[in-house]
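The next block holds one structure in the form of structure tokens; read it before the comments.
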Number of protein chains: 2
Amino acid sequence: MRMRDGRARVIIEGVKPEIDGGRFSIKRTVGEKVVVEADVFGDSHDALSCVVLYRKEEEPQWKESPMDFLINDRWRGEFMVTEVGLYRYTVQAWIDHFRSWRDGLSKKVKAEQDVSVDILAGAVLVDEASDRASGSDKDSLREGAKSLRSAKKPSEMISLALDDELFHLMARYPDREFATTYDKELTVVVDREKARFSTWYEMFPRSCAAEQGHHGTFRDCEGRLPYIAGMGFDVLYFPPIHPIGQTHRKGKNNTPVAGPDDPGSPWAIGSAEGGHKDIHPQLGTLDDFRRLISKAGECGIEIAIDLAFQCTPDHPYVKEHPEWFRLRPDGTVQYAENPPKKYEDIYPLNFETDGWQELWEELKEVVLFWIGQGVRIFRVDNPHTKPFGFWEWLITEVKKDCPEVIFLAEAFTRPKVMYELAKSGFSQSYTYFAWRNTKWELAEYFTELTQTAVQECFRPSLWPNTPDILTEYLQMGGRPAFMARLVLAATLGASYGIYGPAFELCESRPKEFGSEEYLDSEKYEIRYWDVTREDSLKDFIGRVNHIRRENTALHRDWSLRFHPVDNDQLICFSKHTEDFSNVILVMVNLDPHHAHAGWVELPLERLGLDRNQSYQVHDLLSDARYLWYGPRGYVEIDPQVVPAHIFRVRRRIRTERDFDYFM
Amino acid sequence: MRMRDGRARVIIEGVKPEIDGGRFSIKRTVGEKVVVEADVFGDSHDALSCVVLYRKEEEPQWKESPMDFLINDRWRGEFMVTEVGLYRYTVQAWIDHFRSWRDGLSKKVKAEQDVSVDILAGAVLVDEASDRASGSDKDSLREGAKSLRSAKKPSEMISLALDDELFHLMARYPDREFATTYDKELTVVVDREKARFSTWYEMFPRSCAAEQGHHGTFRDCEGRLPYIAGMGFDVLYFPPIHPIGQTHRKGKNNTPVAGPDDPGSPWAIGSAEGGHKDIHPQLGTLDDFRRLISKAGECGIEIAIDLAFQCTPDHPYVKEHPEWFRLRPDGTVQYAENPPKKYEDIYPLNFETDGWQELWEELKEVVLFWIGQGVRIFRVDNPHTKPFGFWEWLITEVKKDCPEVIFLAEAFTRPKVMYELAKSGFSQSYTYFAWRNTKWELAEYFTELTQTAVQECFRPSLWPNTPDILTEYLQMGGRPAFMARLVLAATLGASYGIYGPAFELCESRPKEFGSEEYLDSEKYEIRYWDVTREDSLKDFIGRVNHIRRENTALHRDWSLRFHPVDNDQLICFSKHTEDFSNVILVMVNLDPHHAHAGWVELPLERLGLDRNQSYQVHDLLSDARYLWYGPRGYVEIDPQVVPAHIFRVRRRIRTERDFDYFM
């Protein structure tokens, strides 16, 4: 066995956060902290010192911040990430002989032992530190050692030796010759804030025409921007905007044969008019698209596009790169299938092709092309049907030059696969939210997402509906169900989205009983939506999104805690800022049909409240205010009015004028 | 970012057992299994195959055993370790195109789709497999492909394609070109059985003289062997047997100044007569020692010695290697201290010396020297005051040539430090058992040791007493306390030990009230013990050790489970063999003063019992038998009789003669 330097006696283990032994990066956004913990200990009983080392990838020098001893050999420190890009961090620790010496000396002094030889041993340590120091510190240390040696009276020796100034000076020049550095450098991908806090609106641009019967265009979308911004959304996501294939095109309601006027599914990408770098001509031109991005920006909205890496039989790649597809023994190209289902309009890319490197490069070119047009957010269709290694490479490559790009993974599959995509680099991920309806399901799932190691890489995006998902809850629950699910999505998740105008217009007709597909789905036909309808939820959505924006507690997920209510139909949870300046308490009636009442039990201290003070809960939806005393609060919610409260919890503030104020 | 081969699409993660990302070895003994689990998944929905690869360190070729899918992308496999030494293991998985194809084909057949092109695709896979095969398998596969291609009728095609024989043949020649191998090779240290199952007796050889007033010798120890073997011990451990220093020698009861006849502490190693490779002359010669080892072997006992790496001022190292000690500024050698306490009779070795490599080598020589004399078990004194890296190196080096050596770590310190020593290679470790007295404490602690990741490297050794530890429980509880603690140690731990004859003679006088030191401790004086005393526990100990030997459930710790009893003074736990052929149920009354009764609740299925059958609990201590029905059993224990039951649980066996038998 190799002898490492046996004098490095400190062990560093159990470093957190760390994903799979450092194989993957954790994620943060600009301005957030990375709190680092580690087990740090040595043999014997010497005192230790311990620091977090960190730096931006491209900086040559480590910065460091001290770690404090917690308990049971656990230490904790932290650092702030201030710029987008990649950071590195690790832990370093060493035996602190000066501190050990000082601690021992204090005890001997207390026991009234002779310490004259100890004082001389201390002087040696101070001299050694002066060799490591420079400038005035060097002089001070040299002087300090001299004073220790020349002191005559024991009391003088002791006061010099235990001097605080000397202690702090020595702490600046520790002997790190035998320091241990943790054997891994861990990494943090730092994104811009929108990777963590974003409000999405999905819309089919072709359904945006001002008049029924027309194919909507990017110009039409411009007219819809104030409406979307008015509801408080900041990301507008379009299904694929590329030319749509003709071969095996699906008709209305996914019928196998399209009629002559059927527009086909936007996810059937590729035709004689082009592929993944082209625009479907009926939507407009590339110029129109760029103009839309610019107009959206003026409304505070970013355009997100869809990366759906699959081709119709008409896609140019099929001719240009037949090697990227799998051939059947009869010479035809292998279409997508999930036996016994066949998707003959789609040719999947064969990632086991010998030409995989060219394929990867080309798909990167697709992303770079749209970045070139001004897109910075990509929603990725079915990423779990392409290799994880491909995504890790693609996202890393793209972010190298463009670290502000955000990728949302649309994978509805097994948990480990979903988490693996997050580890591979996706900035946000769809979740099982749509199918988590009961209090127990919601609490279990969101506790897993926000309170376990999953939180370090997986940023949940909550969608009550999508063009593929009209849940039974929405089908059955009517308007109160839509409102309840909106409040849940918007407050459980710092990032959430809806598919509109279907959502705000409470579209709830399924293709058939037992199906989650919409009847007359926009995936296969152009729909006309009257967004001015009286019964639209647009104002309610606007109010909820306004509350989200104003309350920073809702901009993050990690403070989420569920609180017991003595009624299974009422769910209660809170989020708060680290300093408790903003505390939000949400209560939702999960039963869209009946009014429910119950008592909630709050952990007052964990919400920054004083157990002996009353506090106000201010419903930001209705503007009603209630005064609560102690940890139990009573709530009654009638879903026919509003199925939820979003309370801001306000502590009582005393002033010199002896009025009561709440902040 | 580097492009690895993008066609290796399978992910392998979360491999268990694995300590600190493979940094340390797990431990097993010869004949045990290593059960390996991993998260294994690919993108898309292809079928996977997965194997554990394993080999002995020195073998060039991996062996493999299949892994089975459990649930949630988790797979499990296992392999057996059959020889002492180091084994390696890892996991390999690949996308199994043939199995995917076969699964898809079955579904298509069920849906009555045309599969003629699919059959041809399958023929290609079979042909490819034949290229990988050899001998008759090669021919069979080639033939199989041909038959598939030439089959005319659909029914014929299908039955050929789904043929089981073809499936098994194909499974032998999978396409692993793009297989993923887990990126770490993990290691197992395989010890002989005694590392896991051992019964220790600690004794001061100098107290073994046949007559009071004499210094015991190794020859005297020979006479004591039948007594020790009679109690069922298989390891006899001696405190240090080396020359004892004169300078600052401690007197009786640890007084600072020794009288002229005081023998000193055996842990004060080194005098003019030699150091760590020498024998204290009053004990005998090296020849005597070797003879004792041989005599002990005849009694089924191994001799373990103490590695206490510290020196008195008189140790030869102090003159020969002054650089291995720390000097004080006044030119004297730094003695051990824990301010304000001073241990002037001990010079610790300075592991931060520039000569650390020579020091390490010399300490290794000490171990090799005693291995040369026939010692194979070392109890290591205070290993936590020497660097972890030193132990890792030492133990690895020693086991390279002598893999049967066992090291027991005597560290009573913080849990992470104790576990780190186990990770560093110690075969067994002392525990906090001596101070775990209540039911809750015992259950919590032994659940942590046997049911968490700790179990993979930390093998507990349970000691109710040691020369340093006379617990308050033993001081206060009298003979029932000794009996209860013996049963607990002997059944909770596959390895345990006692310090005798103090233990079997129920020596319970502390040095002073509140101290755990013995009065007139053998550490500082020679004691004469009358092992023939009527009230000795030797027969009880013999019975308990006999039960241990006969019941293989007690040879391992991992099956340990605690069961609820409705009386806090009664503790109940079980151990069983994997096949339930041996099930042991232990009940102990923790209160040495009062009789207690209570109901225990047993998880019958987890003990291999049929809920609808009565079963016998046979007390192996008293030979009493009880018939129990259902999961609740009633027990009454009077500590003045025997404070424990060690039940063998016997299932009812029906025979053709319709008598009831229990096995």
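Identifiers for the structure tokens are assigned positionally: chains receive A, B, ... in sequence, residues are indexed from 1 per chain, and ligands are indexed from 1 in the order shown.
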Identify every residue of chain A that has at least one atom within 8 Å of any atom of chain B, counting only C-alpha atoms, and report the result as JSON, numbers by chain. {"A": [1, 2, 3, 4, 6, 7, 9, 13, 14, 20, 21, 41, 42, 43, 44, 45, 72, 73, 104, 105, 107, 108, 111, 113, 117, 118, 120, 121, 328, 329, 330, 338, 339, 340, 351, 352, 353, 356, 357, 384, 385, 386, 387, 388, 389, 390, 393, 396, 397, 414, 415, 416, 417]}
Based on DSSP run over this structure's backbone, return all residues of stretch 537-597 of chain B in strand (DSSP E), as a list in words. Arg561, Phe562, His563, Leu570, Ile571, Cys572, Phe573, Ser574, Lys575, His576, Val583, Ile584, Leu585, Val586, Met587, Val588, Asn589, His596 and Ala597 of chain B
Dump as a PDB file, in the first residue's frame, selection limited to C-alpha atoms:
ATOM      1  CA  ARG B 561     -34.147  -7.730  15.972  1.00  0.00           C
ATOM      2  CA  PHE B 562     -35.681  -6.343  19.146  1.00  0.00           C
ATOM      3  CA  HIS B 563     -39.245  -7.163  20.074  1.00  0.00           C
ATOM      4  CA  LEU B 570     -37.538  -6.894  30.241  1.00  0.00           C
ATOM      5  CA  ILE B 571     -35.634  -6.818  26.976  1.00  0.00           C
ATOM      6  CA  CYS B 572     -36.337  -9.283  24.201  1.00  0.00           C
ATOM      7  CA  PHE B 573     -34.469  -9.858  20.971  1.00  0.00           C
ATOM      8  CA  SER B 574     -33.938 -12.587  18.426  1.00  0.00           C
ATOM      9  CA  LYS B 575     -31.327 -13.849  16.014  1.00  0.00           C
ATOM     10  CA  HIS B 576     -31.852 -16.453  13.352  1.00  0.00           C
ATOM     11  CA  VAL B 583     -33.961 -19.266  15.806  1.00  0.00           C
ATOM     12  CA  ILE B 584     -32.868 -17.900  19.167  1.00  0.00           C
ATOM     13  CA  LEU B 585     -35.019 -15.661  21.333  1.00  0.00           C
ATOM     14  CA  VAL B 586     -33.359 -13.977  24.294  1.00  0.00           C
ATOM     15  CA  MET B 587     -35.188 -12.381  27.218  1.00  0.00           C
ATOM     16  CA  VAL B 588     -33.279 -10.624  29.976  1.00  0.00           C
ATOM     17  CA  ASN B 589     -34.507  -8.985  33.155  1.00  0.00           C
ATOM     18  CA  HIS B 596     -40.461  -8.939  36.463  1.00  0.00           C
ATOM     19  CA  ALA B 597     -43.099 -10.367  34.192  1.00  0.00           C
TER      20      ALA B 597
END
For atom CA of B:Ser207 and atom CA of B:Arg527, quote the distance in Å rounded to one decimal.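 Going from atom CA of B:Ser207 over to atom CA of B:Arg527, I get 5.2 Å.
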Give me the residues within 10 Å of stretch 637-642 of chain A as a PyMOL selection string, counting only C-alpha atoms and dropping any in the same chain fewer than 2 places off. chain A and resi 478-481+483-484+540+570+587-598+621-622+635+644-645
Generate a file of the selected residues that holds N, CA and C atoms, formatted as a PDB file, in the first residue's frame.
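What ended up in result.pdb:
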ATOM      1  N   GLY A 478     -64.736  20.996 -11.839  1.00  0.00           N
ATOM      2  CA  GLY A 478     -65.217  22.306 -12.256  1.00  0.00           C
ATOM      3  C   GLY A 478     -64.275  23.430 -11.849  1.00  0.00           C
ATOM      4  N   ARG A 479     -64.825  24.614 -11.897  1.00  0.00           N
ATOM      5  CA  ARG A 479     -64.058  25.826 -11.636  1.00  0.00           C
ATOM      6  C   ARG A 479     -63.311  25.791 -10.292  1.00  0.00           C
ATOM      7  N   PRO A 480     -63.940  25.324  -9.194  1.00  0.00           N
ATOM      8  CA  PRO A 480     -63.172  25.285  -7.935  1.00  0.00           C
ATOM      9  C   PRO A 480     -61.934  24.400  -8.040  1.00  0.00           C
ATOM     10  N   ALA A 481     -62.011  23.319  -8.806  1.00  0.00           N
ATOM     11  CA  ALA A 481     -60.855  22.442  -8.974  1.00  0.00           C
ATOM     12  C   ALA A 481     -59.721  23.187  -9.682  1.00  0.00           C
ATOM     13  N   MET A 483     -59.227  26.397  -9.688  1.00  0.00           N
ATOM     14  CA  MET A 483     -58.675  27.414  -8.781  1.00  0.00           C
ATOM     15  C   MET A 483     -57.779  26.773  -7.727  1.00  0.00           C
ATOM     16  N   ALA A 484     -58.250  25.652  -7.170  1.00  0.00           N
ATOM     17  CA  ALA A 484     -57.467  24.986  -6.122  1.00  0.00           C
ATOM     18  C   ALA A 484     -56.122  24.515  -6.672  1.00  0.00           C
ATOM     19  N   PHE A 540     -58.200  35.945 -11.455  1.00  0.00           N
ATOM     20  CA  PHE A 540     -57.756  35.170 -10.292  1.00  0.00           C
ATOM     21  C   PHE A 540     -56.295  34.750 -10.448  1.00  0.00           C
ATOM     22  N   LEU A 570     -58.581  19.525   3.956  1.00  0.00           N
ATOM     23  CA  LEU A 570     -57.876  20.811   4.035  1.00  0.00           C
ATOM     24  C   LEU A 570     -56.378  20.548   4.139  1.00  0.00           C
ATOM     25  N   MET A 587     -53.688  27.611   2.720  1.00  0.00           N
ATOM     26  CA  MET A 587     -54.668  26.590   3.074  1.00  0.00           C
ATOM     27  C   MET A 587     -55.544  26.375   1.860  1.00  0.00           C
ATOM     28  N   VAL A 588     -55.702  25.132   1.465  1.00  0.00           N
ATOM     29  CA  VAL A 588     -56.529  24.836   0.290  1.00  0.00           C
ATOM     30  C   VAL A 588     -57.550  23.767   0.667  1.00  0.00           C
ATOM     31  N   ASN A 589     -58.768  23.970   0.214  1.00  0.00           N
ATOM     32  CA  ASN A 589     -59.800  22.944   0.334  1.00  0.00           C
ATOM     33  C   ASN A 589     -59.694  22.043  -0.890  1.00  0.00           C
ATOM     34  N   LEU A 590     -59.278  20.800  -0.685  1.00  0.00           N
ATOM     35  CA  LEU A 590     -59.036  19.895  -1.806  1.00  0.00           C
ATOM     36  C   LEU A 590     -60.324  19.316  -2.374  1.00  0.00           C
ATOM     37  N   ASP A 591     -61.408  19.503  -1.666  1.00  0.00           N
ATOM     38  CA  ASP A 591     -62.704  18.982  -2.109  1.00  0.00           C
ATOM     39  C   ASP A 591     -63.413  20.087  -2.890  1.00  0.00           C
ATOM     40  N   PRO A 592     -63.539  19.933  -4.205  1.00  0.00           N
ATOM     41  CA  PRO A 592     -64.127  21.023  -4.987  1.00  0.00           C
ATOM     42  C   PRO A 592     -65.639  21.125  -4.816  1.00  0.00           C
ATOM     43  N   HIS A 593     -66.226  20.196  -4.086  1.00  0.00           N
ATOM     44  CA  HIS A 593     -67.682  20.132  -4.024  1.00  0.00           C
ATOM     45  C   HIS A 593     -68.279  20.658  -2.730  1.00  0.00           C
ATOM     46  N   HIS A 594     -67.551  20.547  -1.612  1.00  0.00           N
ATOM     47  CA  HIS A 594     -68.147  20.885  -0.324  1.00  0.00           C
ATOM     48  C   HIS A 594     -67.280  21.860   0.453  1.00  0.00           C
ATOM     49  N   ALA A 595     -67.952  22.673   1.257  1.00  0.00           N
ATOM     50  CA  ALA A 595     -67.223  23.542   2.180  1.00  0.00           C
ATOM     51  C   ALA A 595     -66.667  22.677   3.307  1.00  0.00           C
ATOM     52  N   HIS A 596     -65.466  23.026   3.774  1.00  0.00           N
ATOM     53  CA  HIS A 596     -64.852  22.293   4.883  1.00  0.00           C
ATOM     54  C   HIS A 596     -64.266  23.276   5.886  1.00  0.00           C
ATOM     55  N   ALA A 597     -64.253  22.830   7.141  1.00  0.00           N
ATOM     56  CA  ALA A 597     -63.661  23.650   8.190  1.00  0.00           C
ATOM     57  C   ALA A 597     -62.723  22.771   8.999  1.00  0.00           C
ATOM     58  N   GLY A 598     -61.744  23.382   9.669  1.00  0.00           N
ATOM     59  CA  GLY A 598     -60.825  22.591  10.488  1.00  0.00           C
ATOM     60  C   GLY A 598     -59.874  23.467  11.271  1.00  0.00           C
ATOM     61  N   LEU A 621     -55.566  36.797  -0.966  1.00  0.00           N
ATOM     62  CA  LEU A 621     -56.546  36.607  -2.039  1.00  0.00           C
ATOM     63  C   LEU A 621     -57.780  37.473  -1.796  1.00  0.00           C
ATOM     64  N   SER A 622     -58.306  37.439  -0.573  1.00  0.00           N
ATOM     65  CA  SER A 622     -59.554  38.151  -0.283  1.00  0.00           C
ATOM     66  C   SER A 622     -59.312  39.471   0.438  1.00  0.00           C
ATOM     67  N   VAL A 635     -60.115  27.488  10.364  1.00  0.00           N
ATOM     68  CA  VAL A 635     -60.319  27.938   8.985  1.00  0.00           C
ATOM     69  C   VAL A 635     -61.538  27.231   8.394  1.00  0.00           C
ATOM     70  N   ALA A 644     -59.304  28.569  -1.452  1.00  0.00           N
ATOM     71  CA  ALA A 644     -57.993  28.663  -0.804  1.00  0.00           C
ATOM     72  C   ALA A 644     -57.811  29.995  -0.089  1.00  0.00           C
ATOM     73  N   HIS A 645     -56.953  29.964   0.904  1.00  0.00           N
ATOM     74  CA  HIS A 645     -56.384  31.183   1.482  1.00  0.00           C
ATOM     75  C   HIS A 645     -54.891  31.184   1.191  1.00  0.00           C
TER      76      HIS A 645
END
Might you pull out every residue within 7 Å of B:Val600, with only C-alpha atoms counted and same-chain residues fewer than 3 positions away left off, and present them as a compact mmCIF listing (two decimals) with C-alpha atoms, in the first residue's frame?
# COMPACT_ATOMS: atom_id res chain seq x y z
CA HIS B 563 -39.24 -7.16 20.07
CA PRO B 564 -41.62 -5.14 22.21
CA VAL B 565 -42.28 -6.24 25.79
CA ASP B 566 -44.84 -4.43 27.91
CA ARG B 632 -47.80 -12.94 22.24
CA GLY B 633 -45.80 -14.81 24.85
CA TYR B 634 -45.76 -14.42 28.62
Shell of 12 Å around stretch 319-321 of chain A, only C-alpha atoms, local chain residues under 2 positions omitted, as an MDAnalysis selection string: chainID A and resid 270:272 274:275 311:317 323:326 333 349:350 353:356 358:359 362
What does the file look like for those residues with C-alpha atoms, as a PDB file, in the first residue's frame?
ATOM      1  CA  GLY A 270     -39.927  18.037 -40.489  1.00  0.00           C
ATOM      2  CA  SER A 271     -41.255  18.495 -43.986  1.00  0.00           C
ATOM      3  CA  ALA A 272     -40.089  19.615 -47.379  1.00  0.00           C
ATOM      4  CA  GLY A 274     -37.419  22.192 -43.326  1.00  0.00           C
ATOM      5  CA  GLY A 275     -36.570  20.711 -39.962  1.00  0.00           C
ATOM      6  CA  CYS A 311     -38.433  13.448 -37.079  1.00  0.00           C
ATOM      7  CA  THR A 312     -41.283  12.746 -39.426  1.00  0.00           C
ATOM      8  CA  PRO A 313     -40.555  10.637 -42.506  1.00  0.00           C
ATOM      9  CA  ASP A 314     -40.437  13.965 -44.408  1.00  0.00           C
ATOM     10  CA  HIS A 315     -37.672  15.524 -42.271  1.00  0.00           C
ATOM     11  CA  PRO A 316     -34.579  16.526 -44.254  1.00  0.00           C
ATOM     12  CA  TYR A 317     -32.395  14.453 -41.859  1.00  0.00           C
ATOM     13  CA  GLU A 323     -27.422   6.558 -40.707  1.00  0.00           C
ATOM     14  CA  TRP A 324     -29.107   8.408 -37.831  1.00  0.00           C
ATOM     15  CA  PHE A 325     -32.147   6.168 -38.107  1.00  0.00           C
ATOM     16  CA  ARG A 326     -32.618   2.474 -37.588  1.00  0.00           C
ATOM     17  CA  VAL A 333     -36.946   3.196 -41.555  1.00  0.00           C
ATOM     18  CA  LEU A 349     -33.221   9.161 -33.810  1.00  0.00           C
ATOM     19  CA  ASN A 350     -31.010   6.135 -33.271  1.00  0.00           C
ATOM     20  CA  THR A 353     -25.684   4.855 -34.557  1.00  0.00           C
ATOM     21  CA  ASP A 354     -22.004   4.720 -35.447  1.00  0.00           C
ATOM     22  CA  GLY A 355     -22.481   8.350 -36.407  1.00  0.00           C
ATOM     23  CA  TRP A 356     -23.510   9.319 -32.875  1.00  0.00           C
ATOM     24  CA  GLU A 358     -22.115  13.831 -35.673  1.00  0.00           C
ATOM     25  CA  LEU A 359     -25.667  13.415 -34.469  1.00  0.00           C
ATOM     26  CA  GLU A 362     -25.953  18.494 -35.072  1.00  0.00           C
TER      27      GLU A 362
END
Please report, as a Markdown table, each residue of stretch 223-249 of chain A lying at most 12 Å from stretch 549-552 of chain A, together with the nearest pair of atoms and the separation in Å rounded to one decimal; use only C-alpha atoms, and order rows by chain and ascending residue number.
| residue | atom | partner | partner_atom | distance |
| --- | --- | --- | --- | --- |
| A:Met231 | CA | A:Arg549 | CA | 11.6 |
| A:Gly232 | CA | A:Arg549 | CA | 8.4 |
| A:Phe233 | CA | A:Arg549 | CA | 10.1 |
| A:Asp234 | CA | A:Arg549 | CA | 10.6 |
Apply DSSP to the backbone of this structure and, from stretch 303-356 of chain B, keep only the residues in alpha helix (DSSP H); write these as a ChimeraX atom specification. /B:316-320,356
Deliver the residues from the most recent selection as a file, using N, CA, C and O atoms, as a tab-separated table (two decimals), in the first residue's frame.
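Output contents, as saved in result.tsv:
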chain	number	residue	atom	x	y	z
B	316	PRO	N	14.11	1.37	25.00
B	316	PRO	CA	15.28	1.53	24.11
B	316	PRO	C	15.07	2.56	22.99
B	316	PRO	O	16.01	3.24	22.59
B	317	TYR	N	13.83	2.67	22.49
B	317	TYR	CA	13.58	3.63	21.40
B	317	TYR	C	13.97	5.06	21.80
B	317	TYR	O	14.35	5.86	20.95
B	318	VAL	N	13.84	5.38	23.08
B	318	VAL	CA	14.07	6.77	23.51
B	318	VAL	C	15.52	7.17	23.23
B	318	VAL	O	15.78	8.30	22.80
B	319	LYS	N	16.41	6.23	23.44
B	319	LYS	CA	17.82	6.52	23.13
B	319	LYS	C	18.12	6.32	21.65
B	319	LYS	O	18.80	7.10	21.04
B	320	GLU	N	17.58	5.22	21.09
B	320	GLU	CA	17.93	4.86	19.72
B	320	GLU	C	17.27	5.77	18.70
B	320	GLU	O	17.81	6.01	17.62
B	356	TRP	N	8.78	9.76	10.23
B	356	TRP	CA	7.55	8.96	10.38
B	356	TRP	C	7.60	7.65	9.59
B	356	TRP	O	7.06	6.65	10.01
Point-to-point distance in Å for atom CA of A:Ile269 and atom CA of A:Ile301: 25.6 Å
Just the residues within 8 Å of stretch 290-297 of chain A, please, counting only C-alpha atoms, with nothing from its chain fewer than 6 positions along; format it as a list in words.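 What passes the distance filter is Phe218, Arg219, Cys221, Glu222, Leu225, Ile303, Gln373, Gly374 and Val375 of chain A.
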Top pick for closest residue to A:Glu344, considering A:Thr247, A:Gln310, A:Ser427, A:Thr285 and counting only C-alpha atoms: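 Smallest separation from A:Glu344 among the options: A:Thr247.
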To one decimal place in Å, what is the distance between atom CA of B:Ser159 and atom CA of B:Ser136?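 Distance reported for this atom pair: 21.8 Å.
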Using only C-alpha atoms, which protein or nucleic acid residues come within 12 Å of A:Leu474? Drop anything in the same chain fewer than 2 positions from it, and give the result as an mmCIF file with C-alpha atoms, in the first residue's frame.
data_model
loop_
_atom_site.group_PDB
_atom_site.id
_atom_site.type_symbol
_atom_site.label_atom_id
_atom_site.label_comp_id
_atom_site.auth_asym_id
_atom_site.auth_seq_id
_atom_site.Cartn_x
_atom_site.Cartn_y
_atom_site.Cartn_z
ATOM 1 C CA ALA A 434 -50.736 16.753 -11.824
ATOM 2 C CA TRP A 435 -51.531 13.365 -10.262
ATOM 3 C CA ASN A 437 -54.382 15.142 -5.338
ATOM 4 C CA PRO A 464 -51.906 21.446 -13.241
ATOM 5 C CA ASN A 465 -52.549 20.759 -16.919
ATOM 6 C CA THR A 466 -50.632 20.332 -20.185
ATOM 7 C CA ILE A 469 -52.806 16.018 -19.323
ATOM 8 C CA LEU A 470 -56.352 16.895 -18.414
ATOM 9 C CA THR A 471 -56.564 15.230 -15.018
ATOM 10 C CA GLU A 472 -59.684 13.559 -13.694
ATOM 11 C CA MET A 476 -64.784 16.404 -12.415
ATOM 12 C CA GLY A 477 -64.170 19.355 -10.145
ATOM 13 C CA GLY A 478 -65.217 22.306 -12.256
ATOM 14 C CA ARG A 479 -64.058 25.826 -11.636
ATOM 15 C CA PRO A 480 -63.172 25.285 -7.935
ATOM 16 C CA ALA A 481 -60.855 22.442 -8.974
ATOM 17 C CA PHE A 482 -59.025 24.700 -11.428
ATOM 18 C CA MET A 483 -58.675 27.414 -8.781
ATOM 19 C CA ALA A 484 -57.467 24.986 -6.122
ATOM 20 C CA ARG A 485 -54.913 23.380 -8.429
ATOM 21 C CA LEU A 486 -53.695 26.794 -9.542
ATOM 22 C CA ALA A 502 -57.563 25.934 -21.872
ATOM 23 C CA PHE A 503 -56.731 26.412 -18.209
ATOM 24 C CA GLU A 504 -58.147 29.853 -17.500
ATOM 25 C CA LEU A 505 -61.238 28.966 -19.530
ATOM 26 C CA CYS A 506 -61.632 25.798 -17.413
ATOM 27 C CA GLU A 507 -61.646 23.520 -20.463
ATOM 28 C CA SER A 508 -62.453 20.139 -18.979
ATOM 29 C CA ARG A 509 -63.963 17.915 -21.688
ATOM 30 C CA PRO A 510 -61.925 14.726 -22.114
ATOM 31 C CA GLU A 516 -56.614 12.360 -19.883
ATOM 32 C CA GLU A 517 -56.601 13.650 -23.477
ATOM 33 C CA TYR A 518 -58.558 16.778 -24.294
ATOM 34 C CA LEU A 590 -59.036 19.895 -1.806
ATOM 35 C CA ASP A 591 -62.704 18.982 -2.109
ATOM 36 C CA PRO A 592 -64.127 21.023 -4.987
#
